[in-house]
>>> print(open('structure36.pdb').read())   # PDB, C-alpha atoms and all ligand atoms
MODEL        1
ATOM      1  CA  MET A 275       0.000   0.000   0.000
ATOM      2  CA  THR A 276       1.253   3.510  -0.839
ATOM      3  CA  ASP A 277       1.626   5.929   2.076
ATOM      4  CA  THR A 278       0.181   9.255   0.944
ATOM      5  CA  SER A 279      -0.009  10.895   4.381
ATOM      6  CA  ARG A 280       2.536  13.541   3.218
ATOM      7  CA  ILE A 281      -0.470  15.156   1.470
ATOM      8  CA  SER A 282      -2.393  15.644   4.721
ATOM      9  CA  VAL A 283      -0.651  18.942   5.515
ATOM     10  CA  SER A 284      -2.629  20.502   2.651
ATOM     11  CA  ALA A 285      -5.849  19.824   4.586
ATOM     12  CA  HIS A 286      -4.705  22.331   7.208
ATOM     13  CA  TYR A 287      -4.235  24.983   4.519
ATOM     14  CA  THR A 288      -7.567  24.463   2.752
ATOM     15  CA  GLY A 289      -9.271  24.192   6.156
ATOM     16  CA  TYR A 290      -7.910  27.656   6.921
ATOM     17  CA  ILE A 291      -9.020  29.050   3.546
ATOM     18  CA  TRP A 292     -12.630  27.913   4.097
ATOM     19  CA  TYR A 293     -12.582  29.679   7.462
ATOM     20  CA  LYS A 294     -10.889  32.818   6.103
ATOM     21  CA  HIS A 295     -13.638  33.226   3.508
ATOM     22  CA  GLY A 296     -16.526  32.725   5.917
ATOM     23  CA  LEU A 297     -17.426  29.158   4.931
ATOM     24  CA  SER A 298     -16.375  27.571   8.172
ATOM     25  CA  ALA A 299     -16.249  27.959  11.938
ATOM     26  CA  LYS A 300     -13.196  28.634  14.103
ATOM     27  CA  ASN A 301     -13.190  25.007  15.228
ATOM     28  CA  PHE A 302     -11.854  23.899  11.870
ATOM     29  CA  ILE A 303      -8.634  25.908  11.877
ATOM     30  CA  THR A 304      -5.216  24.845  13.091
ATOM     31  CA  ASP A 305      -1.900  26.608  13.734
ATOM     32  CA  THR A 306      -0.414  24.743  10.765
ATOM     33  CA  GLY A 307      -3.166  26.086   8.497
ATOM     34  CA  ARG A 308      -2.604  29.626   9.738
ATOM     35  CA  ARG A 309       1.168  29.304   9.181
ATOM     36  CA  ILE A 310       0.845  27.986   5.624
ATOM     37  CA  ASN A 311      -1.608  30.768   4.847
ATOM     38  CA  MET A 312       1.021  33.317   5.939
ATOM     39  CA  ILE A 313       3.693  31.633   3.798
ATOM     40  CA  ALA A 314       1.294  31.563   0.821
ATOM     41  CA  ALA A 315       0.319  35.252   1.143
ATOM     42  CA  PRO A 316       3.199  36.683  -0.976
ATOM     43  CA  ILE A 317       2.779  33.881  -3.542
ATOM     44  CA  ASN A 318      -0.927  34.698  -3.800
ATOM     45  CA  ALA A 319      -0.180  38.429  -4.133
ATOM     46  CA  PHE A 320       2.265  37.637  -6.964
ATOM     47  CA  LEU A 321      -0.261  35.386  -8.732
ATOM     48  CA  ARG A 322      -3.002  38.021  -8.441
ATOM     49  CA  LEU A 323      -0.708  40.631  -9.929
ATOM     50  CA  VAL A 324       0.670  38.640 -12.834
ATOM     51  CA  GLY A 325      -1.991  35.989 -13.401
ATOM     52  CA  GLY A 326      -5.226  37.799 -12.508
ATOM     53  CA  ALA A 327      -6.259  35.332  -9.787
ATOM     54  CA  ASP A 328      -4.756  33.529  -6.824
ATOM     55  CA  ILE A 329      -4.912  30.077  -5.283
ATOM     56  CA  ASP A 330      -7.752  31.061  -2.907
ATOM     57  CA  ILE A 331      -9.971  31.985  -5.876
ATOM     58  CA  PHE A 332      -9.609  28.583  -7.507
ATOM     59  CA  LEU A 333     -10.200  26.839  -4.199
ATOM     60  CA  LEU A 334     -13.345  28.883  -3.580
ATOM     61  CA  GLN A 335     -14.634  28.298  -7.100
ATOM     62  CA  ARG A 336     -14.380  24.544  -6.760
ATOM     63  CA  HIS A 337     -15.821  24.507  -3.227
ATOM     64  CA  THR A 338     -18.844  26.644  -4.114
ATOM     65  CA  VAL A 339     -19.760  24.715  -7.266
ATOM     66  CA  ILE A 340     -19.322  21.326  -5.551
ATOM     67  CA  ASP A 341     -21.637  22.542  -2.748
ATOM     68  CA  HIS A 342     -24.187  23.616  -5.315
ATOM     69  CA  LYS A 343     -24.127  20.305  -7.217
ATOM     70  CA  VAL A 344     -24.501  18.304  -3.987
ATOM     71  CA  GLU A 345     -27.410  20.528  -2.887
ATOM     72  CA  GLU A 346     -29.152  20.016  -6.204
ATOM     73  CA  LEU A 347     -28.914  16.231  -5.851
ATOM     74  CA  ILE A 348     -30.309  16.363  -2.308
ATOM     75  CA  GLU A 349     -33.147  18.693  -3.204
ATOM     76  CA  LYS A 350     -34.086  17.479  -6.695
ATOM     77  CA  GLU A 351     -33.089  13.795  -6.701
ATOM     78  CA  GLY A 352     -33.705  12.895  -3.075
ATOM     79  CA  VAL A 353     -30.157  11.854  -2.226
ATOM     80  CA  THR A 354     -29.911  10.891   1.446
ATOM     81  CA  GLN A 355     -26.380   9.473   1.778
ATOM     82  CA  ILE A 356     -23.129  11.318   1.132
ATOM     83  CA  VAL A 357     -19.625   9.957   1.518
ATOM     84  CA  GLU A 358     -16.907  12.585   1.376
ATOM     85  CA  LEU A 359     -13.518  10.952   0.831
ATOM     86  CA  ALA A 360     -10.344  12.886   1.680
ATOM     87  CA  CYS A 361     -12.591  15.305   3.613
ATOM     88  CA  GLY A 362      -9.632  16.953   5.354
ATOM     89  CA  LEU A 363     -10.710  19.763   7.671
ATOM     90  CA  SER A 364     -13.437  20.877   5.305
ATOM     91  CA  PRO A 365     -16.631  22.144   6.971
ATOM     92  CA  ARG A 366     -18.912  20.756   4.233
ATOM     93  CA  GLY A 367     -20.107  17.781   6.298
ATOM     94  CA  TYR A 368     -20.850  20.058   9.237
ATOM     95  CA  ARG A 369     -22.688  22.601   7.072
ATOM     96  CA  PHE A 370     -24.731  19.991   5.213
ATOM     97  CA  ARG A 371     -25.735  18.177   8.374
ATOM     98  CA  LYS A 372     -26.983  21.490   9.753
ATOM     99  CA  LYS A 373     -28.906  22.371   6.629
ATOM    100  CA  TYR A 374     -30.217  18.859   5.880
ATOM    101  CA  PRO A 375     -30.570  17.022   9.218
ATOM    102  CA  HIS A 376     -32.198  14.015   7.504
ATOM    103  CA  ILE A 377     -29.117  13.034   5.488
ATOM    104  CA  ARG A 378     -26.356  10.635   6.482
ATOM    105  CA  TYR A 379     -23.011  12.329   5.850
ATOM    106  CA  VAL A 380     -19.949  10.119   6.280
ATOM    107  CA  GLU A 381     -16.576  11.871   6.251
ATOM    108  CA  CYS A 382     -13.443   9.854   5.530
ATOM    109  CA  ASP A 383      -9.716  10.502   5.415
ATOM    110  CA  LEU A 384      -6.407   9.005   6.518
ATOM    111  CA  PRO A 385      -6.005   8.222  10.249
ATOM    112  CA  GLY A 386      -4.053  11.396  11.189
ATOM    113  CA  ILE A 387      -6.636  13.774   9.738
ATOM    114  CA  VAL A 388      -9.559  11.760  11.090
ATOM    115  CA  ALA A 389      -8.085  12.008  14.600
ATOM    116  CA  LYS A 390      -7.453  15.748  14.195
ATOM    117  CA  LYS A 391     -10.918  16.429  12.824
ATOM    118  CA  ARG A 392     -12.576  14.432  15.580
ATOM    119  CA  GLU A 393     -10.750  16.589  18.113
ATOM    120  CA  LEU A 394     -11.794  19.820  16.316
ATOM    121  CA  LEU A 395     -15.408  18.717  15.836
ATOM    122  CA  ASP A 396     -15.784  17.818  19.499
ATOM    123  CA  GLY A 397     -15.973  21.534  20.229
ATOM    124  CA  THR A 398     -18.796  22.284  17.772
ATOM    125  CA  ASP A 399     -22.507  22.568  18.413
ATOM    126  CA  LEU A 400     -23.188  19.532  16.207
ATOM    127  CA  PRO A 401     -21.717  16.390  17.739
ATOM    128  CA  GLY A 402     -22.110  12.912  16.294
ATOM    129  CA  GLN A 403     -20.371  13.488  12.970
ATOM    130  CA  GLU A 404     -19.561  10.149  11.304
ATOM    131  CA  LEU A 405     -15.806  10.164  10.733
ATOM    132  CA  ARG A 406     -14.178   7.070   9.279
ATOM    133  CA  VAL A 407     -10.701   6.068   8.176
ATOM    134  CA  CYS A 408     -10.538   5.276   4.469
ATOM    135  CA  ASP A 409      -7.514   5.122   2.205
ATOM    136  CA  VAL A 410      -8.740   5.404  -1.374
ATOM    137  CA  PHE A 411      -5.999   2.969  -2.459
ATOM    138  CA  ASN A 412      -7.249   0.156  -0.238
ATOM    139  CA  THR A 413      -9.015  -2.321  -2.493
ATOM    140  CA  ALA A 414     -10.818  -4.279   0.242
ATOM    141  CA  GLY A 415     -11.702  -4.190   3.933
ATOM    142  CA  PRO A 416     -13.605  -1.725   6.123
ATOM    143  CA  GLU A 417     -11.163   1.111   5.346
ATOM    144  CA  SER A 418     -11.634   0.866   1.564
ATOM    145  CA  ILE A 419     -14.154   2.761  -0.600
ATOM    146  CA  LYS A 420     -16.004  -0.531  -1.130
ATOM    147  CA  GLY A 421     -16.026  -1.251   2.622
ATOM    148  CA  ILE A 422     -17.377   2.223   3.450
ATOM    149  CA  LEU A 423     -20.138   1.986   0.828
ATOM    150  CA  GLU A 424     -21.062  -1.532   1.971
ATOM    151  CA  SER A 425     -21.766  -0.151   5.435
ATOM    152  CA  LEU A 426     -24.458   2.191   4.037
ATOM    153  CA  ASP A 427     -28.140   1.529   3.244
ATOM    154  CA  PRO A 428     -28.262   0.009  -0.281
ATOM    155  CA  GLN A 429     -31.791   1.385  -0.808
ATOM    156  CA  GLN A 430     -30.727   5.035  -0.608
ATOM    157  CA  LYS A 431     -29.458   7.298  -3.374
ATOM    158  CA  THR A 432     -25.834   8.060  -2.633
ATOM    159  CA  ILE A 433     -23.077  10.515  -3.621
ATOM    160  CA  ILE A 434     -19.319  10.221  -3.297
ATOM    161  CA  VAL A 435     -17.521  13.571  -3.102
ATOM    162  CA  THR A 436     -13.807  14.220  -3.352
ATOM    163  CA  GLU A 437     -12.239  17.653  -3.299
ATOM    164  CA  GLY A 438      -8.552  18.482  -3.480
ATOM    165  CA  LEU A 439      -7.493  14.855  -3.891
ATOM    166  CA  VAL A 440      -7.304  13.695  -7.477
ATOM    167  CA  ASN A 441      -4.480  15.907  -8.789
ATOM    168  CA  TYR A 442      -2.033  14.520  -6.245
ATOM    169  CA  PHE A 443      -1.769  11.334  -8.309
ATOM    170  CA  GLU A 444      -0.735  10.379 -11.815
ATOM    171  CA  LEU A 445      -3.738   9.848 -14.074
ATOM    172  CA  PRO A 446      -3.536   6.022 -14.407
ATOM    173  CA  VAL A 447      -3.280   5.732 -10.623
ATOM    174  CA  ILE A 448      -6.351   7.862  -9.880
ATOM    175  CA  ARG A 449      -8.303   6.319 -12.773
ATOM    176  CA  GLU A 450      -7.998   2.970 -11.099
ATOM    177  CA  VAL A 451      -9.603   4.538  -7.983
ATOM    178  CA  TRP A 452     -12.389   6.040 -10.135
ATOM    179  CA  SER A 453     -13.159   2.646 -11.674
ATOM    180  CA  ARG A 454     -13.462   1.092  -8.234
ATOM    181  CA  MET A 455     -15.754   3.949  -7.156
ATOM    182  CA  ALA A 456     -18.019   3.444 -10.181
ATOM    183  CA  ASP A 457     -18.268  -0.285  -9.389
ATOM    184  CA  ALA A 458     -18.931   0.248  -5.692
ATOM    185  CA  LEU A 459     -21.667   2.853  -6.372
ATOM    186  CA  LYS A 460     -23.661   0.279  -8.357
ATOM    187  CA  ARG A 461     -25.091  -1.173  -5.157
ATOM    188  CA  PHE A 462     -27.365   1.866  -4.750
ATOM    189  CA  PRO A 463     -30.523   2.625  -6.793
ATOM    190  CA  GLN A 464     -28.637   5.650  -8.091
ATOM    191  CA  GLY A 465     -25.127   6.830  -7.361
ATOM    192  CA  TRP A 466     -23.171   9.943  -8.253
ATOM    193  CA  TYR A 467     -19.602  11.064  -8.011
ATOM    194  CA  ILE A 468     -18.648  14.742  -7.748
ATOM    195  CA  THR A 469     -15.099  16.011  -7.803
ATOM    196  CA  GLU A 470     -13.011  18.873  -9.036
ATOM    197  CA  LEU A 471     -10.171  18.397 -11.480
ATOM    198  CA  TYR A 472      -7.376  20.726 -12.569
ATOM    199  CA  PRO A 473      -6.853  20.042 -16.288
ATOM    200  CA  ASP A 474      -3.718  20.551 -18.316
ATOM    201  CA  PHE A 475      -4.958  23.450 -20.460
ATOM    202  CA  ALA A 476      -1.677  24.240 -22.225
ATOM    203  CA  ASP A 477      -3.300  27.085 -24.206
ATOM    204  CA  HIS A 478      -4.536  28.862 -21.068
ATOM    205  CA  PRO A 479      -3.292  32.488 -21.055
ATOM    206  CA  SER A 480      -1.940  32.046 -17.500
ATOM    207  CA  TYR A 481      -0.484  28.588 -18.099
ATOM    208  CA  ARG A 482       2.993  29.461 -16.816
ATOM    209  CA  TYR A 483       1.489  30.757 -13.574
ATOM    210  CA  VAL A 484      -0.520  27.562 -13.309
ATOM    211  CA  LYS A 485       2.772  25.689 -13.585
ATOM    212  CA  PHE A 486       4.154  27.928 -10.848
ATOM    213  CA  ALA A 487       1.163  27.201  -8.588
ATOM    214  CA  GLN A 488       1.583  23.516  -9.431
ATOM    215  CA  LYS A 489       5.199  23.604  -8.227
ATOM    216  CA  THR A 490       4.158  25.432  -5.039
ATOM    217  CA  VAL A 491       1.605  22.750  -4.148
ATOM    218  CA  GLY A 492       4.143  20.023  -5.027
ATOM    219  CA  PHE A 493       6.761  21.650  -2.799
ATOM    220  CA  LEU A 494       4.338  21.951   0.113
ATOM    221  CA  THR A 495       3.258  18.323  -0.103
ATOM    222  CA  LYS A 496       6.672  16.898  -1.040
ATOM    223  CA  GLY A 497       5.517  15.279  -4.254
ATOM    224  CA  ASP A 498       4.044  15.856  -7.678
ATOM    225  CA  TRP A 499       0.763  17.527  -8.462
ATOM    226  CA  PRO A 500       0.063  16.531 -12.079
ATOM    227  CA  LEU A 501      -2.618  18.213 -14.196
ATOM    228  CA  HIS A 502      -5.027  15.839 -15.936
ATOM    229  CA  TYR A 503      -6.536  15.795 -19.437
ATOM    230  CA  PRO A 504      -6.044  18.498 -22.082
ATOM    231  CA  SER A 505      -9.727  19.338 -22.736
ATOM    232  CA  ASP A 506     -13.291  19.035 -21.429
ATOM    233  CA  GLU A 507     -13.995  16.410 -24.115
ATOM    234  CA  ALA A 508     -11.032  14.295 -22.986
ATOM    235  CA  ILE A 509     -12.239  14.513 -19.365
ATOM    236  CA  GLN A 510     -15.716  13.355 -20.371
ATOM    237  CA  LYS A 511     -14.400  10.434 -22.407
ATOM    238  CA  GLY A 512     -12.046   9.381 -19.583
ATOM    239  CA  PHE A 513     -14.805   9.247 -16.972
ATOM    240  CA  GLN A 514     -17.056   7.308 -19.342
ATOM    241  CA  GLU A 515     -14.274   4.770 -19.881
ATOM    242  CA  ASP A 516     -13.914   4.476 -16.104
ATOM    243  CA  GLY A 517     -17.557   3.366 -15.791
ATOM    244  CA  PHE A 518     -19.560   6.572 -15.274
ATOM    245  CA  ASN A 519     -22.607   7.852 -17.201
ATOM    246  CA  ASP A 520     -23.999  11.351 -17.749
ATOM    247  CA  VAL A 521     -20.606  12.933 -17.275
ATOM    248  CA  GLU A 522     -20.968  16.698 -16.829
ATOM    249  CA  VAL A 523     -17.781  18.763 -17.051
ATOM    250  CA  ILE A 524     -18.621  22.066 -15.431
ATOM    251  CA  ASP A 525     -16.746  25.316 -15.899
ATOM    252  CA  PRO A 526     -17.323  27.443 -12.768
ATOM    253  CA  ALA A 527     -17.733  30.464 -15.080
ATOM    254  CA  SER A 528     -21.049  28.968 -16.236
ATOM    255  CA  TYR A 529     -22.355  29.833 -12.751
ATOM    256  CA  TYR A 530     -21.135  33.433 -12.685
ATOM    257  CA  GLY A 531     -23.961  35.668 -11.464
ATOM    258  CA  LYS A 532     -25.938  32.656 -10.213
ATOM    259  CA  LEU A 533     -24.149  31.525  -7.040
ATOM    260  CA  PRO A 534     -23.660  34.369  -4.550
ATOM    261  CA  LEU A 535     -20.492  32.919  -2.960
ATOM    262  CA  LEU A 536     -18.737  32.103  -6.234
ATOM    263  CA  PRO A 537     -15.800  34.448  -6.884
ATOM    264  CA  GLU A 538     -15.591  35.735 -10.450
ATOM    265  CA  VAL A 539     -12.379  36.463 -12.320
ATOM    266  CA  LYS A 540     -11.725  38.061 -15.699
ATOM    267  CA  ILE A 541      -9.287  35.369 -16.850
ATOM    268  CA  LYS A 542     -10.360  31.927 -18.081
ATOM    269  CA  THR A 543     -11.037  29.494 -15.262
ATOM    270  CA  LEU A 544      -8.539  26.758 -14.422
ATOM    271  CA  VAL A 545     -10.640  24.220 -12.596
ATOM    272  CA  ARG A 546     -13.468  21.943 -13.682
ATOM    273  CA  ILE A 547     -16.126  20.259 -11.577
ATOM    274  CA  ILE A 548     -17.096  16.777 -12.700
ATOM    275  CA  LYS A 549     -20.496  15.332 -11.886
ATOM    276  CA  CYS A 550     -21.223  11.829 -13.130
ATOM    277  CA  SER A 551     -23.528   8.970 -12.278
ATOM    278  CA  VAL A 552     -23.922   5.216 -12.202
ATOM    279  CA  SER A 553     -27.066   3.172 -11.914
ATOM    280  CA  ARG A 554     -27.532  -0.515 -11.355
TER     281      ARG A 554
HETATM  282  C1  LIG M 601      -5.882  19.232  -0.162
HETATM  283  S1  LIG M 601      -6.494  18.240   1.134
HETATM  284  C2  LIG M 601      -8.192  18.441   0.791
HETATM  285  C3  LIG M 601      -9.043  18.353   2.011
HETATM  286  C4  LIG M 601     -10.498  18.744   1.831
HETATM  287  N1  LIG M 601     -11.164  17.894   0.902
HETATM  288  C5  LIG M 601     -10.613  20.185   1.414
HETATM  289  O1  LIG M 601     -10.892  20.459   0.233
HETATM  290  O2  LIG M 601     -10.411  21.060   2.273
HETATM  291  C6  LIG M 601      -6.149  16.571   0.596
HETATM  292  C7  LIG M 601      -6.682  15.510   1.529
HETATM  293  O3  LIG M 601      -6.452  14.209   0.934
HETATM  294  C8  LIG M 601      -6.200  13.296   1.980
HETATM  295  N2  LIG M 601      -5.577  12.081   1.425
HETATM  296  C9  LIG M 601      -4.326  11.947   0.934
HETATM  297  N3  LIG M 601      -4.105  10.682   0.510
HETATM  298  C10 LIG M 601      -5.275  10.002   0.734
HETATM  299  C11 LIG M 601      -5.666   8.654   0.519
HETATM  300  N4  LIG M 601      -4.832   7.771  -0.005
HETATM  301  N5  LIG M 601      -6.924   8.287   0.863
HETATM  302  C12 LIG M 601      -7.769   9.203   1.405
HETATM  303  N6  LIG M 601      -7.457  10.487   1.637
HETATM  304  C13 LIG M 601      -6.207  10.896   1.315
HETATM  305  C14 LIG M 601      -5.309  14.091   2.905
HETATM  306  O4  LIG M 601      -5.191  13.522   4.192
HETATM  307  C15 LIG M 601      -5.999  15.463   2.899
HETATM  308  O5  LIG M 601      -6.948  15.562   3.907
ENDMDL
END
>>> encode(input="structure36.pdb", output="structure tokens", more="lines below")
Ligand SMILES: C[S@@+](CC[C@H](N)C(=O)[O-])C[C@H]1O[C@@H](n2cnc3c(N)ncnc32)[C@H](O)[C@@H]1O
Amino acid sequence: MTDTSRISVSAHYTGYIWYKHGLSAKNFITDTGRRINMIAAPINAFLRLVGGADIDIFLLQRHTVIDHKVEELIEKEGVTQIVELACGLSPRGYRFRKKYPHIRYVECDLPGIVAKKRELLDGTDLPGQELRVCDVFNTAGPESIKGILESLDPQQKTIIVTEGLVNYFELPVIREVWSRMADALKRFPQGWYITELYPDFADHPSYRYVKFAQKTVGFLTKGDWPLHYPSDEAIQKGFQEDGFNDVEVIDPASYYGKLPLLPEVKIKTLVRIIKCSVSR
């Protein structure tokens, strides 16, 4: 099994960003997150100046659109079970449980982050959050995607969410995870997967700054952070090949003016949200 716990430090940073932009409560922040935010401040200022947007903007764009797509599935399709893999210190589970008390929201991550989040959540006004250890590379057992989904009610419509995970791995490696997800979701009457993806848009006007941001994330997490797929069409085809149907590749710009919390930038967007489904 591959140890990917080096990536967990990034959860402290994104956890801080959600708080900084009013999406979270104080409980979710850590000293590490605050420190990385200070280190990132000059890098973000540079990116804003030369590239027209900073790392926070692309984090907020993905977070807001993922929230919106999950809400739509709860409200329009009657989804009642959500599994967020690699949840980090994200407040989404907390916020959704507050807004939709009838849903079962299972948050999963590696053991270190699960322990940290349990400690942080203990101080909130909403105890009882389901936090489970799951390594997305486990292929069997209770700490695998399959094991987590097998512990849920097979009669309920279910979503898997990942955010800030998939670009830490080479494409063939993460595609193998996606195929296992698509298989495991087939046990439900309907299943969806929602994630964000940073594509390799070589013709993007700010491509060299994207490469700079890519190196920054790689440096912070002591590894690579590869971009995936050169176009929306290639993304769609890839997810279909991995076993998903109705693959929507969403440009956050398509929601400009429609989602109040979505930050808008003049330059072309760099992130895509993928929503796809499986049915048995
Ligand atoms: C950038 S953080 C994102 C956290 C959160 N989703 C967010 O957006 O704030 C990446 C997360 O992936 C988790 N992670 C890394 N390798 C993993 C693996 N093999 N299985 C499950 N989670 C993993 C890390 O522990 C970390 O919490």
>>> closest_atom_pairs(input="structure36.pdb", of="chain A", to="ligand LIG 601 (chain M)", cutoff="7 Å", atoms="only C-alpha atoms and all ligand atoms", output="Markdown table")
| residue | atom | partner | partner_atom | distance |
| --- | --- | --- | --- | --- |
| A:Thr278 | CA | M:LIG601 | N3 | 4.5 |
| A:Ser279 | CA | M:LIG601 | C9 | 5.6 |
| A:Ile281 | CA | M:LIG601 | C9 | 5.0 |
| A:Ser282 | CA | M:LIG601 | O4 | 3.6 |
| A:Val283 | CA | M:LIG601 | C15 | 6.9 |
| A:Ser284 | CA | M:LIG601 | C1 | 4.5 |
| A:Ala285 | CA | M:LIG601 | S1 | 3.9 |
| A:Thr288 | CA | M:LIG601 | O2 | 4.5 |
| A:Gly289 | CA | M:LIG601 | O2 | 5.1 |
| A:Leu359 | CA | M:LIG601 | C12 | 6.0 |
| A:Ala360 | CA | M:LIG601 | N6 | 3.8 |
| A:Cys361 | CA | M:LIG601 | N1 | 4.0 |
| A:Gly362 | CA | M:LIG601 | O5 | 3.4 |
| A:Leu363 | CA | M:LIG601 | O2 | 5.6 |
| A:Ser364 | CA | M:LIG601 | O2 | 4.3 |
| A:Asp383 | CA | M:LIG601 | N6 | 4.4 |
| A:Leu384 | CA | M:LIG601 | N6 | 5.2 |
| A:Ile387 | CA | M:LIG601 | O4 | 5.7 |
| A:Cys408 | CA | M:LIG601 | C12 | 5.7 |
| A:Asp409 | CA | M:LIG601 | N5 | 3.5 |
| A:Val410 | CA | M:LIG601 | N5 | 4.1 |
| A:Phe411 | CA | M:LIG601 | N4 | 5.5 |
| A:Thr436 | CA | M:LIG601 | N1 | 6.2 |
| A:Glu437 | CA | M:LIG601 | N1 | 4.3 |
| A:Gly438 | CA | M:LIG601 | C2 | 4.3 |
| A:Leu439 | CA | M:LIG601 | O3 | 5.0 |
>>> resolve_selection(input="structure36.pdb", expression="the PyMOL selection byres (((chain A and resi 506) around 12) and not hetatm)", output="PyMOL selection string")
chain A and resi 471-475+502-505+507-513+521-525+544-548
>>> atom_distance(input="structure36.pdb", atom1="atom CA of A:Thr354", atom2="atom CA of A:Gln430")
6.3 Å
>>> atom_distance(input="structure36.pdb", atom1="atom CA of A:Gln335", atom2="atom CA of A:Pro534")
11.2 Å
>>> resolve_selection(input="structure36.pdb", expression="the PyMOL selection byres (((chain A and resi 417) around 6) and not hetatm)", output="PDB file with C-alpha atoms, in the frame of the given file")
ATOM      1  CA  VAL A 407     -10.701   6.068   8.176  1.00  0.00           C
ATOM      2  CA  CYS A 408     -10.538   5.276   4.469  1.00  0.00           C
ATOM      3  CA  GLY A 415     -11.702  -4.190   3.933  1.00  0.00           C
ATOM      4  CA  PRO A 416     -13.605  -1.725   6.123  1.00  0.00           C
ATOM      5  CA  SER A 418     -11.634   0.866   1.564  1.00  0.00           C
TER       6      SER A 418
END
>>> decode(input="structure36.pdb", residues="stretch 482-499 of chain A", atoms="N, CA and C atoms", output="compact mmCIF listing (two decimals), in the first residue's frame")
# COMPACT_ATOMS: atom_id res chain seq x y z
N ARG A 482 1.71 29.54 -17.56
CA ARG A 482 2.99 29.46 -16.82
C ARG A 482 2.80 29.74 -15.33
N TYR A 483 1.74 30.52 -15.00
CA TYR A 483 1.49 30.76 -13.57
C TYR A 483 0.81 29.54 -12.94
N VAL A 484 0.07 28.83 -13.78
CA VAL A 484 -0.52 27.56 -13.31
C VAL A 484 0.62 26.61 -12.96
N LYS A 485 1.63 26.57 -13.82
CA LYS A 485 2.77 25.69 -13.58
C LYS A 485 3.51 26.11 -12.30
N PHE A 486 3.52 27.41 -12.06
CA PHE A 486 4.15 27.93 -10.85
C PHE A 486 3.36 27.48 -9.61
N ALA A 487 2.03 27.63 -9.70
CA ALA A 487 1.16 27.20 -8.59
C ALA A 487 1.30 25.69 -8.37
N GLN A 488 1.43 24.97 -9.48
CA GLN A 488 1.58 23.52 -9.43
C GLN A 488 2.85 23.15 -8.64
N LYS A 489 3.93 23.87 -8.93
CA LYS A 489 5.20 23.60 -8.23
C LYS A 489 5.08 23.95 -6.74
N THR A 490 4.33 25.03 -6.45
CA THR A 490 4.16 25.43 -5.04
C THR A 490 3.44 24.33 -4.25
N VAL A 491 2.36 23.81 -4.84
CA VAL A 491 1.61 22.75 -4.15
C VAL A 491 2.49 21.51 -3.99
N GLY A 492 3.25 21.19 -5.06
CA GLY A 492 4.14 20.02 -5.03
C GLY A 492 5.21 20.17 -3.95
N PHE A 493 5.72 21.40 -3.81
CA PHE A 493 6.76 21.65 -2.80
C PHE A 493 6.18 21.46 -1.39
N LEU A 494 4.99 22.02 -1.20
CA LEU A 494 4.34 21.95 0.11
C LEU A 494 4.05 20.51 0.53
N THR A 495 3.69 19.69 -0.43
CA THR A 495 3.26 18.32 -0.10
C THR A 495 4.33 17.28 -0.47
N LYS A 496 5.51 17.77 -0.79
CA LYS A 496 6.67 16.90 -1.04
C LYS A 496 6.40 15.83 -2.10
N GLY A 497 5.79 16.25 -3.19
CA GLY A 497 5.52 15.28 -4.25
C GLY A 497 5.00 16.00 -5.48
N ASP A 498 4.55 15.24 -6.45
CA ASP A 498 4.04 15.86 -7.68
C ASP A 498 2.58 16.25 -7.53
N TRP A 499 2.17 17.13 -8.41
CA TRP A 499 0.76 17.53 -8.46
C TRP A 499 0.40 17.65 -9.96
